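Asks: Next comes input.txt, compact mmCIF, C-alpha atoms:
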```
# COMPACT_ATOMS: atom_id res chain seq x y z
CA MET U 12 83.94 58.42 47.42
CA SER U 13 81.95 60.82 45.26
CA ASP U 14 84.49 60.37 42.47
CA HIS U 15 82.64 58.68 39.62
CA SER U 16 84.24 56.37 37.12
CA VAL U 17 84.29 57.36 33.48
CA ALA U 18 82.07 55.49 31.06
CA ALA U 19 83.37 51.96 30.51
CA SER U 20 83.03 52.28 26.75
CA PRO U 21 81.78 54.73 24.14
CA GLU U 22 78.72 52.51 23.71
CA ILE U 23 77.39 53.72 27.04
CA THR U 24 75.26 56.79 26.54
CA TYR U 25 74.07 57.34 30.07
CA GLN U 26 76.35 56.42 32.93
CA PRO U 27 74.22 55.15 35.82
CA GLU U 28 74.48 57.19 38.99
CA HIS U 29 75.87 54.99 41.74
CA THR U 30 74.89 57.28 44.55
CA GLY U 31 73.04 54.65 46.54
CA GLY U 32 74.79 53.28 49.60
CA THR U 33 75.24 49.63 50.48
CA LYS U 34 72.05 49.51 52.54
CA ARG U 35 70.01 47.79 49.83
CA LEU U 36 72.73 45.17 49.31
CA TRP U 37 72.76 44.27 52.99
CA GLN U 38 68.96 44.16 53.02
CA VAL U 39 69.06 41.59 50.22
CA PHE U 40 71.76 39.62 52.03
CA TRP U 41 69.59 39.36 55.15
CA LEU U 42 66.56 38.57 53.04
CA LEU U 43 68.38 35.71 51.27
CA SER U 44 69.62 34.38 54.60
CA ALA U 45 66.15 34.54 56.15
CA VAL U 46 64.55 32.80 53.16
CA THR U 47 67.22 30.09 53.31
CA ILE U 48 66.52 29.53 57.00
CA VAL U 49 62.79 29.20 56.29
CA GLU U 50 63.57 26.70 53.48
CA LEU U 51 65.83 24.73 55.80
CA ALA U 52 63.18 24.66 58.52
CA MET U 53 60.60 23.29 56.09
CA GLY U 54 63.15 20.85 54.64
CA TYR U 55 64.18 19.69 58.10
CA SER U 56 60.60 19.10 59.18
CA MET U 57 60.29 16.59 56.34
CA THR U 58 63.44 14.60 57.13
CA LYS U 59 63.12 11.09 58.54
CA GLN U 60 65.27 12.22 61.45
CA ALA U 61 62.78 14.89 62.47
CA GLY U 62 59.71 13.03 61.21
CA TRP U 63 57.35 15.95 61.78
CA VAL U 64 55.82 16.21 58.33
CA ASP U 65 55.27 13.42 55.81
CA LYS U 66 56.56 14.55 52.41
CA SER U 67 53.65 12.95 50.55
CA SER U 68 50.99 14.44 52.82
CA GLY U 69 49.11 17.60 51.91
CA LEU U 70 51.28 19.74 54.15
CA GLY U 71 54.40 18.04 52.76
CA MET U 72 53.35 18.85 49.18
CA PHE U 73 52.68 22.43 50.26
CA PHE U 74 56.16 22.64 51.83
CA VAL U 75 57.85 21.28 48.68
CA GLY U 76 55.96 23.82 46.54
CA ALA U 77 56.77 26.62 48.96
CA ILE U 78 60.48 25.72 48.93
CA VAL U 79 60.51 25.83 45.11
CA ILE U 80 58.77 29.22 45.07
CA LEU U 81 61.12 30.60 47.74
CA SER U 82 64.12 29.42 45.66
CA LEU U 83 62.74 31.30 42.67
CA ALA U 84 62.36 34.37 44.90
CA LYS U 85 66.02 34.03 45.91
CA ALA U 86 66.99 33.79 42.24
CA TYR U 87 64.96 36.94 41.52
CA TYR U 88 66.79 38.93 44.18
CA ILE U 89 70.24 37.63 43.22
CA VAL U 90 69.70 38.49 39.55
CA GLY U 91 67.79 41.72 40.12
CA VAL U 92 69.91 43.31 42.83
CA PHE U 93 73.29 41.57 43.09
CA MET U 94 73.66 41.28 39.32
CA HIS U 95 71.99 44.68 38.81
CA LEU U 96 69.73 43.37 36.06
CA GLY U 97 66.95 45.43 37.63
CA SER U 98 68.79 48.64 36.73
CA GLU U 99 69.57 47.67 33.12
CA LEU U 100 67.46 48.97 30.25
CA LYS U 101 64.16 47.18 29.74
CA ASN U 102 64.99 45.95 26.22
CA PHE U 103 68.20 44.35 27.51
CA ARG U 104 66.40 42.82 30.48
CA LEU U 105 63.89 41.24 28.12
CA THR U 106 66.58 39.63 25.94
CA ILE U 107 67.75 37.76 29.05
CA VAL U 108 64.42 36.93 30.66
CA VAL U 109 62.26 36.00 27.66
CA PRO U 110 64.47 33.08 26.43
CA LEU U 111 64.44 31.69 29.97
CA LEU U 112 60.69 31.14 29.57
CA LEU U 113 61.68 28.05 27.55
CA PHE U 114 62.26 26.45 30.94
CA VAL U 115 58.48 26.40 31.49
CA TRP U 116 58.03 24.06 28.52
CA PHE U 117 61.23 22.22 29.37
CA ILE U 118 60.16 21.35 32.92
CA ILE U 119 56.59 20.35 32.02
CA ALA U 120 57.66 18.20 29.06
CA PHE U 121 60.43 16.34 30.82
CA LEU U 122 58.62 15.65 34.07
CA TRP U 123 55.74 14.35 31.96
CA ASP U 124 58.26 12.10 30.24
CA GLY U 125 59.60 10.94 33.60
CA SER U 126 56.19 9.92 34.86
CA SER U 127 55.50 8.16 31.56
CA TRP U 128 58.71 6.15 32.02
CA LEU U 129 57.59 5.29 35.53
CA ASP U 130 54.30 4.03 34.16
CA LEU U 131 56.08 1.92 31.51
CA ARG U 132 58.45 0.55 34.13
CA ASN U 133 55.61 -0.53 36.40
CA THR U 134 53.43 -1.99 33.67
CA ASN U 135 56.26 -3.67 31.76
CA GLY U 136 55.72 -1.43 28.76
CA GLY U 137 51.93 -1.57 29.08
CA SER U 138 51.72 -5.38 28.90
CA ARG U 139 50.55 -5.80 32.46
CA PRO U 140 48.26 -3.66 34.61
CA ALA U 141 49.74 -1.11 36.95
CA PRO U 142 50.12 -2.45 40.49
CA VAL U 143 47.22 -1.38 42.64
CA GLU U 144 48.44 0.35 45.75
CA GLN U 145 47.00 -1.26 48.85
CA LYS U 146 45.46 1.41 50.99
CA ALA U 147 43.21 1.00 53.94
CA PRO U 148 40.30 3.35 53.31
CA ALA U 149 39.64 3.66 57.03
CA ALA U 150 42.96 5.43 57.50
CA LYS U 151 41.74 8.37 55.47
CA GLU U 152 40.29 11.30 57.29
CA PRO U 153 36.78 12.16 56.13
CA GLY U 154 36.89 14.89 53.50
CA ALA U 155 40.69 14.87 53.29
CA LYS U 156 42.23 15.17 49.85
CA ASP U 157 44.76 12.65 48.61
CA MET B 29 69.60 50.12 43.29
CA SER B 30 71.32 52.79 41.21
CA ALA B 31 68.98 55.43 39.95
CA THR B 32 69.44 55.87 36.21
CA SER B 33 67.85 58.93 34.76
CA ILE B 34 67.41 58.16 31.07
CA PRO B 35 65.18 60.45 29.02
CA LYS B 36 62.09 58.78 27.58
CA ASN B 37 62.48 59.60 23.89
CA VAL B 38 65.99 58.30 23.17
CA ARG B 39 66.17 56.47 19.82
CA TRP B 40 68.21 53.50 20.96
CA TRP B 41 68.28 51.66 17.62
CA ASN B 42 69.41 54.56 15.41
CA GLY B 43 73.05 53.51 15.59
CA GLY B 44 76.13 55.02 17.13
CA ARG B 45 75.36 53.74 20.59
CA SER B 46 74.61 50.47 22.31
CA PRO B 47 70.85 49.98 22.32
CA PHE B 48 71.38 48.32 25.69
CA ASN B 49 73.39 51.19 27.15
CA ALA B 50 75.97 48.59 28.17
CA SER B 51 79.44 47.67 26.98
CA TYR B 52 79.97 44.77 24.59
CA GLY B 53 81.80 42.77 27.26
CA LYS B 54 79.02 43.04 29.79
CA VAL B 55 76.30 42.18 27.27
CA MET B 56 78.24 39.12 26.13
CA MET B 57 78.87 38.05 29.73
CA TRP B 58 75.10 38.07 30.25
CA TYR B 59 74.50 35.99 27.14
CA PHE B 60 77.19 33.53 28.15
CA LEU B 61 75.56 33.18 31.55
CA MET B 62 72.18 32.67 29.92
CA SER B 63 73.56 29.82 27.82
CA ASP B 64 75.23 28.40 30.92
CA ALA B 65 71.87 28.55 32.70
CA PHE B 66 70.45 26.35 29.94
CA THR B 67 73.31 23.88 30.34
CA PHE B 68 72.76 23.61 34.08
CA GLY B 69 69.01 23.56 33.52
CA ALA B 70 69.33 20.64 31.10
CA PHE B 71 71.43 18.68 33.59
CA ILE B 72 69.06 19.31 36.48
CA ILE B 73 65.94 18.54 34.45
CA SER B 74 67.53 15.32 33.18
CA TYR B 75 68.14 14.40 36.81
CA ALA B 76 64.55 15.26 37.71
CA THR B 77 63.21 13.17 34.82
CA LEU B 78 65.16 10.11 35.92
CA ARG B 79 64.16 10.65 39.52
CA PHE B 80 60.51 10.86 38.46
CA SER B 81 60.82 7.60 36.56
CA GLN B 82 61.91 5.63 39.62
CA ASN B 83 59.58 4.07 42.16
CA SER B 84 61.89 5.13 44.97
CA TRP B 85 64.79 7.52 45.11
CA VAL B 86 67.57 8.20 47.56
CA ASP B 87 66.69 9.88 50.85
CA ALA B 88 69.16 12.77 50.72
CA ASN B 89 68.94 13.21 54.47
CA GLN B 90 70.38 9.74 55.00
CA VAL B 91 73.22 10.42 52.55
CA PHE B 92 74.19 13.95 53.54
CA ASN B 93 73.99 13.76 57.31
CA ALA B 94 77.65 14.03 58.32
CA PHE B 95 79.62 16.99 59.54
CA PRO B 96 83.44 17.21 59.57
CA GLY B 97 84.84 16.33 62.99
CA LEU B 98 81.55 15.11 64.40
CA GLY B 99 81.99 11.43 63.55
CA HIS B 100 78.79 9.44 63.21
CA ALA B 101 76.47 12.22 64.41
CA ASP B 102 73.25 12.19 62.35
CA LEU B 103 72.86 15.80 61.23
CA PRO B 104 70.72 16.19 58.10
CA LEU B 105 71.06 19.48 56.18
CA ALA B 106 73.71 20.82 58.59
CA PHE B 107 76.80 20.74 56.38
CA VAL B 108 75.01 21.84 53.24
CA SER B 109 73.51 24.80 55.15
CA LEU B 110 77.03 25.86 56.03
CA MET B 111 78.02 25.63 52.34
CA THR B 112 74.96 27.64 51.33
CA PHE B 113 75.67 30.41 53.82
CA ILE B 114 79.31 30.55 52.74
CA LEU B 115 78.17 31.19 49.15
CA ILE B 116 75.55 33.79 50.15
CA ALA B 117 78.19 35.61 52.22
CA SER B 118 80.71 35.52 49.38
CA SER B 119 78.02 36.88 47.07
CA VAL B 120 77.44 39.93 49.25
CA THR B 121 81.18 40.61 49.55
CA MET B 122 81.41 40.37 45.74
CA VAL B 123 78.64 42.92 45.23
CA LEU B 124 80.33 45.18 47.79
CA ALA B 125 83.52 44.94 45.71
CA VAL B 126 81.53 45.98 42.62
CA HIS B 127 80.06 48.84 44.63
CA ALA B 128 83.53 49.96 45.76
CA GLY B 129 84.63 49.77 42.11
CA HIS B 130 81.87 52.17 41.08
CA HIS B 131 83.38 54.66 43.50
CA MET B 132 86.95 54.03 42.28
CA ASP B 133 87.82 52.81 45.78
CA ARG B 134 90.78 50.51 45.13
CA LYS B 135 91.30 49.61 48.79
CA GLY B 136 87.65 48.62 49.16
CA VAL B 137 87.74 46.53 45.98
CA LYS B 138 90.83 44.67 47.20
CA LYS B 139 89.38 44.06 50.66
CA TYR B 140 86.10 42.66 49.37
CA MET B 141 87.75 40.64 46.60
CA ILE B 142 89.97 38.91 49.18
CA MET B 143 86.89 38.09 51.25
CA THR B 144 85.11 36.72 48.18
CA ILE B 145 88.11 34.58 47.24
CA ILE B 146 88.29 33.16 50.78
CA GLY B 147 84.57 32.35 50.66
CA GLY B 148 84.99 30.54 47.35
CA ALA B 149 87.97 28.58 48.65
CA MET B 150 86.01 27.60 51.76
CA PHE B 151 83.13 26.37 49.62
CA LEU B 152 85.50 24.28 47.50
CA GLY B 153 87.05 22.83 50.66
CA CYS B 154 83.59 21.85 51.91
CA GLN B 155 82.78 20.20 48.62
CA ALA B 156 86.08 18.31 48.60
CA TRP B 157 85.28 17.01 52.08
CA GLU B 158 81.77 15.97 51.09
CA TRP B 159 82.94 14.15 47.96
CA THR B 160 85.69 12.37 49.89
CA HIS B 161 83.19 11.35 52.55
CA LEU B 162 80.90 9.82 49.93
CA LEU B 163 83.62 8.20 47.81
CA MET B 164 85.47 6.67 50.76
CA GLY B 165 82.56 5.79 53.04
CA GLU B 166 81.70 2.10 52.75
CA HIS B 167 78.22 0.82 53.38
CA PHE B 168 77.14 -2.78 53.62
CA VAL B 169 74.37 -3.74 51.26
CA LEU B 170 72.73 -6.87 49.94
CA GLY B 171 74.47 -7.74 46.66
CA VAL B 172 72.96 -9.44 43.61
CA ASN B 173 74.28 -12.87 44.65
CA GLY B 174 72.56 -12.72 48.00
CA THR B 175 75.81 -11.94 49.76
CA ILE B 176 76.69 -8.76 51.61
CA ASP B 177 78.85 -6.30 49.64
CA ALA B 178 80.82 -3.30 50.81
CA MET B 179 79.80 -0.40 48.58
CA ASN B 180 80.82 3.23 48.44
CA THR B 181 79.02 6.01 46.60
CA THR B 182 80.50 6.51 43.13
CA VAL B 183 79.21 7.38 39.67
CA SER B 184 78.25 3.72 39.20
CA HIS B 185 77.46 2.54 42.73
CA ASN B 186 74.74 3.66 45.08
CA PRO B 187 74.39 1.96 48.46
CA TRP B 188 71.50 4.23 49.48
CA GLY B 189 68.45 2.11 48.77
CA ASN B 190 65.42 2.87 50.90
CA LEU B 191 65.07 -0.66 52.29
CA GLN B 192 66.99 -1.99 55.27
CA LEU B 193 67.18 -5.77 55.75
CA ASP B 194 65.66 -7.11 58.95
CA LYS B 195 67.94 -9.09 61.22
CA THR B 196 66.92 -12.53 59.95
CA ALA B 197 67.50 -11.59 56.32
CA ALA B 198 70.81 -9.93 57.20
CA LEU B 199 72.02 -12.99 59.08
CA ASN B 200 70.99 -15.23 56.17
CA ALA B 201 72.96 -13.07 53.75
CA LEU B 202 75.91 -13.10 56.12
CA LYS B 203 76.18 -16.90 55.78
CA ALA B 204 77.10 -16.54 52.10
CA THR B 205 79.41 -13.56 52.63
CA SER B 206 83.19 -13.79 52.30
CA PRO B 207 85.25 -13.42 55.50
CA ASP B 208 87.06 -10.39 54.03
CA ILE B 209 83.81 -8.42 53.84
CA MET B 210 82.91 -9.58 57.35
CA LYS B 211 86.27 -8.29 58.59
CA GLN B 212 85.48 -4.91 57.01
CA MET B 213 82.09 -4.93 58.69
CA ILE B 214 83.63 -5.52 62.10
CA LEU B 215 86.33 -2.89 61.50
CA SER B 216 83.73 -0.32 60.42
CA HIS B 217 82.17 -0.67 63.85
CA ASP B 218 85.40 -0.97 65.84
CA HIS B 219 88.44 0.49 64.09
CA HIS B 220 90.88 -1.12 66.52
CA ALA B 221 89.53 -4.66 66.43
CA ASN B 222 92.37 -7.18 66.17
CA LEU B 223 91.12 -9.86 63.82
CA SER B 224 94.37 -11.53 62.77
CA ALA B 225 94.10 -14.30 65.37
CA LEU B 226 90.48 -15.21 64.57
CA ASN B 227 89.42 -17.98 62.24
CA ASP B 228 86.54 -17.61 59.76
CA GLY B 229 83.98 -19.08 62.13
CA GLN B 230 84.91 -16.67 64.89
CA ILE B 231 84.74 -13.74 62.50
CA MET B 232 81.27 -14.75 61.40
CA ALA B 233 80.22 -15.08 65.04
CA LYS B 234 81.50 -11.59 65.73
CA ALA B 235 79.76 -10.10 62.68
CA SER B 236 76.49 -11.87 63.57
CA GLU B 237 76.76 -10.48 67.06
CA LEU B 238 77.02 -6.93 65.71
CA ILE B 239 73.96 -7.44 63.52
CA ASN B 240 72.00 -9.03 66.35
CA ALA B 241 72.86 -6.19 68.70
CA GLY B 242 71.68 -3.67 66.10
CA HIS B 243 75.13 -2.08 65.69
CA LEU B 244 75.32 -2.94 62.01
CA SER B 245 72.44 -2.65 59.59
CA ILE B 246 72.48 -4.02 56.07
CA GLY B 247 70.90 -1.90 53.38
CA THR B 248 70.07 -2.37 49.73
CA PRO B 249 71.52 -0.65 46.66
CA GLY B 250 69.58 2.34 45.32
CA PRO B 251 69.12 3.66 41.76
CA LYS B 252 72.53 3.75 40.08
CA SER B 253 71.96 7.09 38.39
CA PHE B 254 72.05 8.93 41.72
CA GLY B 255 75.85 8.98 41.91
CA SER B 256 76.43 10.03 38.32
CA TYR B 257 73.94 12.89 38.61
CA PHE B 258 75.19 13.99 42.02
CA PHE B 259 78.87 13.95 41.11
CA GLY B 260 78.20 15.25 37.60
CA ILE B 261 76.10 18.24 38.58
CA THR B 262 77.88 19.23 41.80
CA GLY B 263 81.16 18.65 39.95
CA PHE B 264 80.14 20.93 37.11
CA HIS B 265 79.04 23.54 39.64
CA GLY B 266 82.22 23.06 41.66
CA PHE B 267 84.27 23.58 38.51
CA HIS B 268 82.43 26.87 37.99
CA VAL B 269 83.26 27.86 41.57
CA PHE B 270 86.89 26.94 40.96
CA SER B 271 87.13 28.99 37.77
CA GLY B 272 85.30 31.82 39.55
CA VAL B 273 87.93 31.81 42.28
CA VAL B 274 90.70 31.88 39.62
CA ILE B 275 88.98 34.82 37.86
CA ASN B 276 88.59 36.63 41.18
CA VAL B 277 92.28 36.12 42.01
CA ILE B 278 93.21 37.62 38.62
CA MET B 279 90.85 40.56 39.26
CA TYR B 280 92.42 41.08 42.69
CA LEU B 281 95.91 41.14 41.19
CA LYS B 282 94.85 43.57 38.46
CA ALA B 283 93.23 45.85 41.04
CA HIS B 284 96.38 45.60 43.14
CA ARG B 285 98.55 46.64 40.18
CA GLY B 286 96.31 49.62 39.57
CA ASP B 287 95.20 48.49 36.09
CA PHE B 288 91.63 49.62 36.65
CA ASP B 289 92.61 53.03 38.01
CA GLN B 290 94.70 53.51 34.89
CA ARG B 291 91.76 52.45 32.72
CA GLY B 292 89.48 54.84 34.56
CA HIS B 293 86.83 52.30 35.50
CA TYR B 294 86.35 49.04 37.40
CA GLU B 295 84.00 47.37 34.94
CA MET B 296 86.04 44.16 34.93
CA ILE B 297 85.11 43.67 38.60
CA GLU B 298 81.49 44.02 37.58
CA LYS B 299 81.83 41.31 34.89
CA ALA B 300 83.66 38.96 37.25
CA GLY B 301 80.91 39.72 39.75
CA LEU B 302 78.22 38.68 37.26
CA TYR B 303 79.95 35.31 36.89
CA TRP B 304 80.34 34.88 40.63
CA HIS B 305 76.69 35.70 41.36
CA PHE B 306 75.67 33.23 38.68
CA VAL B 307 77.59 30.52 40.53
CA ASP B 308 75.61 31.39 43.67
CA LEU B 309 72.39 31.39 41.64
CA VAL B 310 73.04 27.88 40.31
CA TRP B 311 73.78 26.68 43.82
CA VAL B 312 70.28 27.82 44.89
CA PHE B 313 68.86 25.24 42.48
CA VAL B 314 71.43 22.50 43.13
CA PHE B 315 70.69 22.91 46.84
CA LEU B 316 66.98 22.74 46.09
CA CYS B 317 67.08 19.65 43.88
CA PHE B 318 69.69 17.52 45.64
CA TYR B 319 69.37 18.37 49.31
CA LEU B 320 66.05 20.00 50.14
CA ILE B 321 63.38 18.10 48.25
```
Please, can you express the file's structure as structure tokens?

Replies:
Amino acid sequence: MSDHSVAASPEITYQPEHTGGTKRLWQVFWLLSAVTIVELAMGYSMTKQAGWVDKSSGLGMFFVGAIVILSLAKAYYIVGVFMHLGSELKNFRLTIVVPLLLFVWFIIAFLWDGSSWLDLRNTNGGSRPAPVEQKAPAAKEPGAKD
Amino acid sequence: MSATSIPKNVRWWNGGRSPFNASYGKVMMWYFLMSDAFTFGAFIISYATLRFSQNSWVDANQVFNAFPGLGHADLPLAFVSLMTFILIASSVTMVLAVHAGHHMDRKGVKKYMIMTIIGGAMFLGCQAWEWTHLLMGEHFVLGVNGTIDAMNTTVSHNPWGNLQLDKTAALNALKATSPDIMKQMILSHDHHANLSALNDGQIMAKASELINAGHLSIGTPGPKSFGSYFFGITGFHGFHVFSGVVINVIMYLKAHRGDFDQRGHYEMIEKAGLYWHFVDLVWVFVFLCFYLI
């Protein structure tokens, strides 16, 4: 087991030491499973079948945001540990991670577009006013945010 | 996890060595995966944009609530959780194969590659079942002509509107509906119903009875783009899983033949592993966007 492989190519100057056991890998496996279970619990609470949390309520919005953040955390651990990007050189890591920042613009721009389409759809291209949602003000709790 | 001890003052860009301290193949695998991430990202963001532009979307928990062998049980998230755990498990066996490769442990590589291949095949089987369930499952919805139509979920049809007709509206629509559709409605409730002896009036009476008793509900069609995005994106992901399984089988055979021992390193397992983990990574987001929220 202590027998190390030779360098995969002459381009590799320093062969990483693979002395670590599999403990870290199993830790990440259990972490990913636990995070998935938490995501599922939050997702399940918002299903019609369970009916515990309304998706458009404050808690529902919090759950949706939390599920997105937990998914990003899962991605971080898969890429960092399973794909070993965490043990690559920093300059290589940056060539992968920096271009992915385009997604920040990408998501903001296109969701903005989507809500603009929704607005055009509901106002017939701006030629009629947006439908006013009928809400009973009494149903609101005092001080509660929309 | 592996502790690299690289001196601080190495001049990486002076030539003669990879400034990334990685082989050409591995670097290019990373860049391929990055471009693939943009492809998947574009698909998913396009889906999100269209979903944002609709006043109502499909309730995924009504669509994906079946489990093989459990009939009409209403189990949201159950089957997709199974698929997710299969992929997480196959990811850890893949990284264990890479780990065994670092230690030139051919037996370990073969063992973990077999487990990874089985996990991938199980995932594909689950997806095949889910697709079949959606493509074959007929739902009765209010059509454009005011009649009831039988509709399955395809790239151009979506029976999963958020509105259900009340009984009066359903019975009204039933009056204009063809007897063939009514026969299907009765058979969907009772697979063994013998309808050959009944005339049209009796069939309508039977169908009305089912609606009145609450055994059959009539829905409305949902946004058409749901099916094309669902089948398009899960299909593109499923094709990645399929090609990943093929790559893993080739890697297993090469390990079995001793090619990597001869070469002196198991870096090919590492590159195949990068691809396989990427497939798991994409699933995290497909799972998020189609099933969870």

Asks: As a PyMOL selection string, could you give me every residue of chain B near chain U (at most 6 Å apart, counting all atoms listed in the file)?

Replies: chain B and resi 30-32+45-46+48-51+77+80-82+123+131+292-293+302+309+320

Asks: Please save C-alpha atoms of the selected residues as a CSV table (one decimal), keeping the file's coordinate frame.

Replies:
```
chain,number,residue,atom,x,y,z
B,30,SER,CA,71.3,52.8,41.2
B,31,ALA,CA,69.0,55.4,40.0
B,32,THR,CA,69.4,55.9,36.2
B,45,ARG,CA,75.4,53.7,20.6
B,46,SER,CA,74.6,50.5,22.3
B,48,PHE,CA,71.4,48.3,25.7
B,49,ASN,CA,73.4,51.2,27.2
B,50,ALA,CA,76.0,48.6,28.2
B,51,SER,CA,79.4,47.7,27.0
B,77,THR,CA,63.2,13.2,34.8
B,80,PHE,CA,60.5,10.9,38.5
B,81,SER,CA,60.8,7.6,36.6
B,82,GLN,CA,61.9,5.6,39.6
B,123,VAL,CA,78.6,42.9,45.2
B,131,HIS,CA,83.4,54.7,43.5
B,292,GLY,CA,89.5,54.8,34.6
B,293,HIS,CA,86.8,52.3,35.5
B,302,LEU,CA,78.2,38.7,37.3
B,309,LEU,CA,72.4,31.4,41.6
B,320,LEU,CA,66.0,20.0,50.1
```

Asks: Do you have the atom CA of B:Gly189-atom CA of B:Val86 distance handy?

Replies: 6.3 Å

Asks: Between atom CA of B:Gly247 and atom CA of B:Gly99, what distance in Å does the model show, to one decimal?

Replies: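 Those two atoms sit 20.1 Å apart.
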
Asks: Which residues, written as a CSV table (one decimal) with C-alpha atoms, in the frame of the given file, have at least one atom at most 10 Å from stretch 206-212 of chain B, with all atoms listed in the file counted and residues fewer than 4 positions away on the same chain left out?

Replies:
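Output saved as out-v4.csv:
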```csv
chain,number,residue,atom,x,y,z
B,166,GLU,CA,81.7,2.1,52.8
B,167,HIS,CA,78.2,0.8,53.4
B,168,PHE,CA,77.1,-2.8,53.6
B,175,THR,CA,75.8,-11.9,49.8
B,176,ILE,CA,76.7,-8.8,51.6
B,177,ASP,CA,78.8,-6.3,49.6
B,178,ALA,CA,80.8,-3.3,50.8
B,202,LEU,CA,75.9,-13.1,56.1
B,216,SER,CA,83.7,-0.3,60.4
B,217,HIS,CA,82.2,-0.7,63.8
B,218,ASP,CA,85.4,-1.0,65.8
B,219,HIS,CA,88.4,0.5,64.1
B,221,ALA,CA,89.5,-4.7,66.4
B,222,ASN,CA,92.4,-7.2,66.2
B,223,LEU,CA,91.1,-9.9,63.8
B,224,SER,CA,94.4,-11.5,62.8
B,227,ASN,CA,89.4,-18.0,62.2
B,228,ASP,CA,86.5,-17.6,59.8
B,229,GLY,CA,84.0,-19.1,62.1
B,230,GLN,CA,84.9,-16.7,64.9
B,231,ILE,CA,84.7,-13.7,62.5
B,232,MET,CA,81.3,-14.8,61.4
B,233,ALA,CA,80.2,-15.1,65.0
B,234,LYS,CA,81.5,-11.6,65.7
B,235,ALA,CA,79.8,-10.1,62.7
B,236,SER,CA,76.5,-11.9,63.6
```

Asks: Please report the interatomic distance between atom CA of B:Lys36 and atom CA of B:Met57 in Å with one decimal.

Replies: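 Computing it gives 26.8 Å between the two atoms.
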
Asks: Quick one: of B:Asn276, B:Phe254, B:Asn89, B:Phe306, who's nearest to B:Val183, counting all atoms listed in the file?

Replies: B:Phe254

Asks: Please list, as a CSV table (one decimal) with C-alpha atoms, keeping the file's coordinate frame, the residues that have an atom at most 12 Å away from (69.6, -14.7, 54.0) in the coordinates of this file, counting all atoms listed in the file.

Replies:
```csv
chain,number,residue,atom,x,y,z
B,170,LEU,CA,72.7,-6.9,49.9
B,171,GLY,CA,74.5,-7.7,46.7
B,173,ASN,CA,74.3,-12.9,44.6
B,174,GLY,CA,72.6,-12.7,48.0
B,175,THR,CA,75.8,-11.9,49.8
B,176,ILE,CA,76.7,-8.8,51.6
B,193,LEU,CA,67.2,-5.8,55.8
B,194,ASP,CA,65.7,-7.1,59.0
B,195,LYS,CA,67.9,-9.1,61.2
B,196,THR,CA,66.9,-12.5,60.0
B,197,ALA,CA,67.5,-11.6,56.3
B,198,ALA,CA,70.8,-9.9,57.2
B,199,LEU,CA,72.0,-13.0,59.1
B,200,ASN,CA,71.0,-15.2,56.2
B,201,ALA,CA,73.0,-13.1,53.8
B,202,LEU,CA,75.9,-13.1,56.1
B,203,LYS,CA,76.2,-16.9,55.8
B,204,ALA,CA,77.1,-16.5,52.1
B,205,THR,CA,79.4,-13.6,52.6
B,246,ILE,CA,72.5,-4.0,56.1
```

Asks: Ranking B:Ile214, B:Ala65, B:Leu124, B:Val38 by minimum distance to B:His265 and counting all atoms listed in the file, which one comes first?

Replies: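 The answer is B:Ala65, which sits nearest to B:His265.
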
Asks: Report as a PyMOL selection string all protein, DNA and RNA residues lying within 9 Å of stretch 277-283 of chain B, evaluated on all atoms listed in the file, omitting residues in the same chain fewer than 2 positions from it.

Replies: chain B and resi 134-135+137-138+141-142+145+272-275+285-289+294+296-297+300
